[in-house]
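Here's the structure, in structure tokens; my notes come after.
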Amino acid sequence: MTRSISGAAKRSLKTEWIIGSVSAVIAMTALGLGRAFGKIEHSSLHQKLYGWAAALVLVIAGGYAIVHLSRALGRFVSRQSSAGAGGTIRLVTYGLGYIILIIALLAVLGVSLDHLLIGAGIAGIILGVAAQQSLGNVFAAVVMLFARPFVVGDTIRIRSGVTGVLDVKVLGTGLTYVTVMSDDGILRVPNSIMLAAGIGQLRPGATPIPSPPPWEPPPPASTAAPTATTPTPGTTPSGSPNAQGGGSSDLGLPPDTPSL
């Protein structure tokens with residue numbers, strides 16, 4: 001029974017890849033034919049029919065390609081990493097696929113893409129600068145997905161300038177964080193930190209390094225009130241001898257200088 005279920009799942013995943021790939025090829029063919037022979041504005045009836053037919057085929061085939069390829073890619077990532085990462089990859093692929101489909105449809109319909117591409121480029125730069133940290137975590141997740149320095153369930157040692165040395169057990173991975181279990185609780189480490197850290201598998205029987213104690217602020221310094229000093233006879237309040245006591249005067253004159 002288990003073998004039949006796994007075989008059906010494999011056949012289903014293979015079918016998703018086949019349907020998505022064939023649909024993508026049909027959509028690209030419709031895009032090329034529509035750009036070559038179709039024209040919507042200021043054209044003959046045949047060119048308009050070619051253009052609208054190519055646009056219709058592009059929308060249908062492109063939609064099928066986006067749905068099936070996104071589903072297949074999400075299932076593949078779920079097998080390699082986790083269900084959460086697979087679902088996120090599927091949503092991201094949906095969004096990117098429909099953006100590409102809209103641009104291709106506008107190209108077939110003869111709509112000028114110059115201003116649209118310029119605006120999209122400026123918006124992309126602004127979003128990239130604003131979401132630099134988040135995008136860095138996403139790209140780090142993609143790199144670790146293919147490099148696979150660890151998998152869920154591994155006990156690993158992390159050496160990083162941010163976290164120090166930690167011995168943890170991997171509980172889950174996602175597009176932004178890696179969830180680990182340390183000796184003092186669950187931690188969610190950003191993927192960019194995990195990618196930049198040194199990671200190694202702990203051998204069986206090795207004693208994990210305990211987590212460093214939490215940082216505590218130093219105690220406040222004691223502020224003692226200054227004690228008042230009583231001036232001695234013959235000295236000024238600042239402690240220097242006065243002119244009558246034979247010492248140097250406050251004016252910087254030598255001793256025993258007659259005053260005016």
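FYI, nothing fancy with the structure tokens labels: chains A, B, ... in order, residues from 1 per chain, ligands from 1 as they appear.
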Per residue of range 111-173 of chain A within 8 Å of range 76-100 of chain A, note the shortest atom pair and the distance in Å to one decimal, counting only C-alpha atoms, and order the rows by chain and increasing residue number, as a Markdown table.
| residue | atom | partner | partner_atom | distance |
| --- | --- | --- | --- | --- |
| A:Leu145 | CA | A:Ser81 | CA | 7.0 |
| A:Val151 | CA | A:Ser81 | CA | 7.1 |
| A:Val152 | CA | A:Ser81 | CA | 7.3 |
| A:Gly172 | CA | A:Ser82 | CA | 6.8 |
| A:Thr173 | CA | A:Ser82 | CA | 6.4 |
Nearest to Ser192 in chain A, chosen from A:Ile102, A:Ile209, A:Val143, A:Leu49, with only C-alpha atoms counted in the distances:
A:Val143
Hey, what's within 7 Å of Gly198 in chain A if we count only C-alpha atoms and toss same-chain stuff fewer than 5 positions away? As a list in words, please?
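Answer for this query is Ile158, Arg159 and Ser160 of chain A.
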